[in-house]
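Student: To start, I am sharing the structure in question, which I have written as structure tokens.
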Amino acid sequence: MEIAAVTVDSSFLVLRAAGVAFILDLAGNLPRVVHWGADLGPLDDDAVSALRLTAVPSSSNYAIDEPRTFPVWPTEHDGWAGTPAISGHIGGGASTPRPRLRGSSRSVDANGASSIRLEVIDDITGLSADLTYTLDQAGVLVVDMSLTRGVDGLDGAPYVLDALRAMLPVPDRASELLDFTGGWAHERSAQRFAPGHGTHLRRGRRGKPGHDSPFLMALGTAGFGFRDGELWAVHLAWSGDTEYLAERLPEGAGAFSAALGASEALRGGEVLLHKGERYEAPRAMFVWSDAGLDGLADRLHRRLRSRARHPSSPRPLTLNTWEAVYFDHDIPRLRRLAQTAADVGVERLVLDDGWFHGRRHDGAGLGDWYVDAEIWPDGLWPLVDLVRERGMQFGLWVEPEMVSPDSDLAREHPEWLLSPREGLPISARRQYVLDLAHPEAYATVRDRLSVLIDEYKIDFVKWDHNRDLLEAVAHREGVDRPAVHAQTRALYRLLDELRLRYPALEIETCAGGGGRIDLGILDRAERLWASDTNDPVERVRIERWTRMLVPPEMIGSHLGTDRAHTTSRTTDLAFRLTTALTAHAGIEMDLSRATTSDLDAIRRWSAVYRELRGLIHSGRVVNADLSDASTRLTGIVGQDGARAVFTWTRLTSSPERDVGRIRWPGLDPGARYRVRTREEWGRPASTAVMDPPWVQDARDGGVDLPGAVLAVAGVPMPELSPQQSAVFDLRRII
Ligand code: GLA
């Protein structure tokens, strides 16, 4: 619904939702950001003029001769000497655009989210741009931008787009930065520091966000925690090359202190715009919170959960065969595994890598998406039939964007591989990348996947991507052109097409674990594989940070073997089960070799998972700020506050044996709760002679505690041994 077209010099454009306000002043060449943060309430004329008056900083000596502004699209034309919102050129010229506003409008969509749309033009480059700022019902500010080339350059030369960045200014108190790095089996490792002047730039050139993806870049007030502090964060919903930046110049950013931004990281010459051609930037999401990191996560979770296709059916307990059997696709062994899985309550079995033509090891077969006739002479039926008989769903692993050199596909179509003309790029995991934007390669993969999905009525696909894209160029019209942008768009097209064709099909995004987790692919996937490590000590950390962006129902978490394959660390069954409980739970060990008592424990745990998943998969995630970094208190509190589940975890030993009363976040101080432990799958080991009396009561049938004691005064916690976790189930009784 179009509300009003606002002329350039009228006044302010204001978006308000969920305690957030975003205010633009339209006066000037380009609208400038007056405010992004806490809601200022309805603005009367007085407030508008005060905001306008105070949007102008002092004019410094030895500086531009006009007051500095930070417009929606900062460039040198406004005196901004930092990273510009747009960079590019036409044959070496037209590199200093002078964008100006042509028109603006406001609208409200069917979900109640209001948007400001700005039309920007630039005579120097001949570009026009659409910038849309949408503040959704969760308070997430979504920035969509596109560029269209209106006129041809000299001699028909294209505009070479180097970057188109979504940037917003943040105030001086946003002085501490948090973002993430990592590696295989060690995703989402937080890094935090107080940046000085300069640019903190995270440029990803892996053809996907990567295990070291910045993921979410946040600037916050000094010492911000999970529960406290004011934060401004950005995420780029894009599964290709990404760039995140936080930049602070000595002169500030208009009336603000620094800039926060994100964009696709384009390769040289990757996007060339001829007359009439259009570039659509990936969506950037800006999130503000005055309730710490949990407040940020809550907004993002609310946004995701309001999507029409957000997974809402009970998340099936999943068994994945990878660490259970690896490439040993021995049918009797797999059938035994499936039987035992069904016996303990598994609801979905996923056949991982190793089922397709020639795939005896990870050096062959990718690209040949046919069931291997040697190991599966009767097709996948001996397993699929059993899975269905036992009432389970069936899932299959694929890695459609990859090709093994030892495959029929590579032998028949070497031209379908992304590669410079001079020869193949360096291999990784002994594989190369399929040029998915090549129409025939695309159609081949799509059609093979469709045949498999149709034949076996596949419910779920684990979609993997096991290498970085290096020297990823494609042959187009006699030239090797950078291909990551086109590859990412082709991937989205393929996923969209399959999802349209198979509306019930669920997809899991995996890239050697958590190498491709972003809200672009997660618009097309119901589950993510957070990491290849099933070591619960690592998982506690990885999943805590993954939950900053994504709610628990989308995060796959599996029970692995006692000695973790990725770290060789040995942990108790009960700890591993508890860790997998508070996500989309699964199992990834050879159950057919488990002891009877272990299977009994797993069966009891799976019943508790089914009991609690409605809460875990819809509640608010809360994290306590604790002084002892070796402990965690994490909860999921029902949206109506009637029920909550908390886990109290000790990862390693520490000199802090007991820190006394700890507050439980997210509970209502005015309520009263019945608290009981959940230990059906095993009691956590403790170093104490005796647990606190309230814990003993919680174990003996439950204890009633006022919310004020739990949430405000705090309670002493059990002294757990390292690598142990206790689960508390809370019901509100008043
Ligand atoms: C990747 C995935 C694993 C598994 C293997 C199979 O490493 O992350 O979970 O599927 O591939 O080769």
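Labels used: A, B, ... for chains in the order of the structure tokens, numbers from 1 for residues in each chain, and numbers from 1 for ligands as shown.
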Pick out each residue of range 481-705 of chain A that DSSP on the backbone tags as helix (DSSP H, G or I); I need them as a VMD selection string.

Tutor: chain A and resid 484 to 501 521 to 523 536 to 546 552 to 554 573 to 581 591 to 593 596 to 616 693 to 699

Student: Please report as CSV every residue of chain A lying within 7 Å of ligand 1, along with the nearest atom pair and their distance in Å (one decimal), using only C-alpha atoms and all ligand atoms.

Tutor:
```
residue,atom,partner,partner_atom_place_in_ligand_line,distance
A:Trp322,CA,ligand 1,4 (C),5.9
A:Asp352,CA,ligand 1,10 (O),5.7
A:Asp353,CA,ligand 1,6 (C),4.7
A:Asp362,CA,ligand 1,12 (O),6.4
A:Trp397,CA,ligand 1,10 (O),6.7
A:Asp464,CA,ligand 1,2 (C),6.3
A:Asn466,CA,ligand 1,1 (C),6.1
A:Cys510,CA,ligand 1,8 (O),5.8
A:Ala511,CA,ligand 1,8 (O),5.6
A:Gly512,CA,ligand 1,8 (O),3.3
A:Gly513,CA,ligand 1,8 (O),4.0
A:Ser531,CA,ligand 1,8 (O),6.9
A:Asp532,CA,ligand 1,8 (O),5.1
```

Student: Provide the CA of Val727 in chain A to CA of Gly702 in chain A distance in Å, to one decimal place.

Tutor: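 Distance between the two atoms: 12.7 Å.
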
Student: Applying 12 Å and only C-alpha atoms, which residues near Met285 in chain A remain after dropping the ones on its own chain fewer than 3 positions away? List them as a PyMOL selection string.

Tutor: chain A and resi 132-136+138-145+166-168+215-218+232-238+244+260-263+282+288+296+299-300+303-304+518-520+549

Student: DSSP says strand (DSSP E or B) for which residues of range 142-333 of chain A? Put them as a PyMOL selection string?

Tutor: chain A and resi 142-149+159-164+166-170+176-183+186-193+198-203+217-220+231-237+242-253+256-264+271-273+278-280+283-289+318-320

Student: Per residue of range 111-152 of chain A within 12 Å of range 87-101 of chain A, note the shortest atom pair and the distance in Å to one decimal, counting only C-alpha atoms, and order the rows by chain and increasing residue number, as a Markdown table.

Tutor:
```
| residue | atom | partner | partner_atom | distance |
| --- | --- | --- | --- | --- |
| A:Arg117 | CA | A:Leu101 | CA | 10.7 |
| A:Leu118 | CA | A:Leu101 | CA | 7.0 |
| A:Glu119 | CA | A:Leu101 | CA | 5.9 |
| A:Val120 | CA | A:Leu101 | CA | 4.5 |
| A:Ile121 | CA | A:Pro99 | CA | 5.4 |
| A:Asp122 | CA | A:Pro99 | CA | 4.4 |
| A:Asp123 | CA | A:Arg98 | CA | 7.3 |
| A:Ile124 | CA | A:Pro97 | CA | 5.6 |
| A:Thr125 | CA | A:Ala94 | CA | 5.6 |
| A:Gly126 | CA | A:Pro97 | CA | 9.1 |
| A:Leu127 | CA | A:Pro99 | CA | 8.6 |
| A:Ser128 | CA | A:Pro99 | CA | 8.5 |
| A:Ala129 | CA | A:Pro99 | CA | 9.0 |
| A:Asp130 | CA | A:Leu101 | CA | 10.1 |
| A:Leu131 | CA | A:Leu101 | CA | 10.4 |
| A:Leu147 | CA | A:Pro99 | CA | 11.8 |
| A:Arg149 | CA | A:Ile90 | CA | 11.3 |
| A:Val151 | CA | A:Ile90 | CA | 11.5 |
| A:Asp152 | CA | A:Ile90 | CA | 9.6 |
```

Student: Per residue of range 443-536 of chain A within 12 Å of range 405-414 of chain A, what are the shortest atom pair and its distance in Å to one decimal, counting only C-alpha atoms, with rows by chain and residue number, as CSV?

Tutor:
```
residue,atom,partner,partner_atom,distance
A:Thr444,CA,A:Leu409,CA,9.8
A:Val445,CA,A:Leu409,CA,10.4
A:Ala474,CA,A:Pro414,CA,11.9
A:His475,CA,A:Pro414,CA,11.9
```

Student: At what distance in Å, to one decimal, does CA of Ala17 in chain A lie from CA of Pro669 in chain A?

Tutor: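 Taking CA of Pro669 in chain A as the start and CA of Ala17 in chain A as the end point, the length is 26.3 Å.
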
Student: Tell me, as a PDB file with N, CA, C and O atoms, in the first residue's frame, which residues lie within 6 Å of range 580-591 of chain A, counting only C-alpha atoms; anything in the same chain fewer than 5 positions away does not count.

Tutor:
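So around_19.pdb came out as:
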```pdb
ATOM      1  N   LEU A 317      13.578 -35.921  15.091  1.00  0.00           N
ATOM      2  CA  LEU A 317      14.861 -36.430  15.591  1.00  0.00           C
ATOM      3  C   LEU A 317      15.527 -37.153  14.421  1.00  0.00           C
ATOM      4  O   LEU A 317      14.932 -38.030  13.795  1.00  0.00           O
ATOM      5  N   THR A 318      16.772 -36.761  14.139  1.00  0.00           N
ATOM      6  CA  THR A 318      17.423 -37.160  12.886  1.00  0.00           C
ATOM      7  C   THR A 318      18.614 -38.063  13.153  1.00  0.00           C
ATOM      8  O   THR A 318      19.371 -37.822  14.093  1.00  0.00           O
ATOM      9  N   LEU A 319      18.761 -39.083  12.350  1.00  0.00           N
ATOM     10  CA  LEU A 319      20.028 -39.829  12.393  1.00  0.00           C
ATOM     11  C   LEU A 319      20.754 -39.586  11.081  1.00  0.00           C
ATOM     12  O   LEU A 319      20.184 -39.772  10.006  1.00  0.00           O
ATOM     13  N   ASN A 320      22.000 -39.142  11.184  1.00  0.00           N
ATOM     14  CA  ASN A 320      22.826 -38.945  10.000  1.00  0.00           C
ATOM     15  C   ASN A 320      23.913 -40.012  10.023  1.00  0.00           C
ATOM     16  O   ASN A 320      24.527 -40.273  11.060  1.00  0.00           O
ATOM     17  N   GLU A 323      29.314 -39.969  10.536  1.00  0.00           N
ATOM     18  CA  GLU A 323      30.314 -40.470  11.491  1.00  0.00           C
ATOM     19  C   GLU A 323      30.003 -41.904  11.941  1.00  0.00           C
ATOM     20  O   GLU A 323      30.838 -42.556  12.552  1.00  0.00           O
ATOM     21  N   ALA A 324      28.806 -42.382  11.616  1.00  0.00           N
ATOM     22  CA  ALA A 324      28.452 -43.762  12.000  1.00  0.00           C
ATOM     23  C   ALA A 324      29.132 -44.776  11.084  1.00  0.00           C
ATOM     24  O   ALA A 324      29.663 -45.788  11.543  1.00  0.00           O
ATOM     25  N   LEU A 337      21.588 -50.233  11.501  1.00  0.00           N
ATOM     26  CA  LEU A 337      21.631 -48.880  12.057  1.00  0.00           C
ATOM     27  C   LEU A 337      20.227 -48.247  12.016  1.00  0.00           C
ATOM     28  O   LEU A 337      19.769 -47.650  13.008  1.00  0.00           O
ATOM     29  N   PRO A 552      16.998 -21.896  17.533  1.00  0.00           N
ATOM     30  CA  PRO A 552      17.442 -23.279  17.764  1.00  0.00           C
ATOM     31  C   PRO A 552      16.825 -24.317  16.833  1.00  0.00           C
ATOM     32  O   PRO A 552      17.476 -25.310  16.505  1.00  0.00           O
ATOM     33  N   GLU A 553      15.574 -24.069  16.379  1.00  0.00           N
ATOM     34  CA  GLU A 553      14.919 -25.100  15.554  1.00  0.00           C
ATOM     35  C   GLU A 553      15.594 -25.288  14.211  1.00  0.00           C
ATOM     36  O   GLU A 553      15.350 -26.268  13.509  1.00  0.00           O
ATOM     37  N   ILE A 555      19.021 -25.219  13.889  1.00  0.00           N
ATOM     38  CA  ILE A 555      20.420 -25.590  14.106  1.00  0.00           C
ATOM     39  C   ILE A 555      20.527 -27.092  14.391  1.00  0.00           C
ATOM     40  O   ILE A 555      20.048 -27.573  15.413  1.00  0.00           O
ATOM     41  N   GLY A 556      21.126 -27.825  13.468  1.00  0.00           N
ATOM     42  CA  GLY A 556      21.303 -29.261  13.676  1.00  0.00           C
ATOM     43  C   GLY A 556      22.393 -29.509  14.709  1.00  0.00           C
ATOM     44  O   GLY A 556      23.447 -28.881  14.678  1.00  0.00           O
ATOM     45  N   SER A 557      22.129 -30.423  15.650  1.00  0.00           N
ATOM     46  CA  SER A 557      23.100 -30.724  16.697  1.00  0.00           C
ATOM     47  C   SER A 557      23.014 -32.219  16.984  1.00  0.00           C
ATOM     48  O   SER A 557      21.928 -32.716  17.294  1.00  0.00           O
ATOM     49  N   HIS A 558      24.146 -32.907  16.842  1.00  0.00           N
ATOM     50  CA  HIS A 558      24.083 -34.372  16.880  1.00  0.00           C
ATOM     51  C   HIS A 558      24.864 -34.990  18.027  1.00  0.00           C
ATOM     52  O   HIS A 558      25.937 -34.500  18.396  1.00  0.00           O
ATOM     53  N   LEU A 559      24.326 -36.083  18.490  1.00  0.00           N
ATOM     54  CA  LEU A 559      25.047 -36.927  19.438  1.00  0.00           C
ATOM     55  C   LEU A 559      26.134 -37.681  18.673  1.00  0.00           C
ATOM     56  O   LEU A 559      25.835 -38.397  17.719  1.00  0.00           O
ATOM     57  N   GLY A 560      27.390 -37.491  19.081  1.00  0.00           N
ATOM     58  CA  GLY A 560      28.486 -38.231  18.452  1.00  0.00           C
ATOM     59  C   GLY A 560      28.994 -39.327  19.387  1.00  0.00           C
ATOM     60  O   GLY A 560      28.421 -39.581  20.460  1.00  0.00           O
ATOM     61  N   THR A 561      30.093 -39.941  18.999  1.00  0.00           N
ATOM     62  CA  THR A 561      30.652 -41.015  19.835  1.00  0.00           C
ATOM     63  C   THR A 561      31.362 -40.436  21.057  1.00  0.00           C
ATOM     64  O   THR A 561      31.634 -39.236  21.113  1.00  0.00           O
TER      65      THR A 561
END
```

Student: Tell me, in Å to one decimal, how far CA of Asn29 in chain A is from CA of Gly254 in chain A.

Tutor: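 Going from CA of Asn29 in chain A over to CA of Gly254 in chain A covers 14.2 Å.
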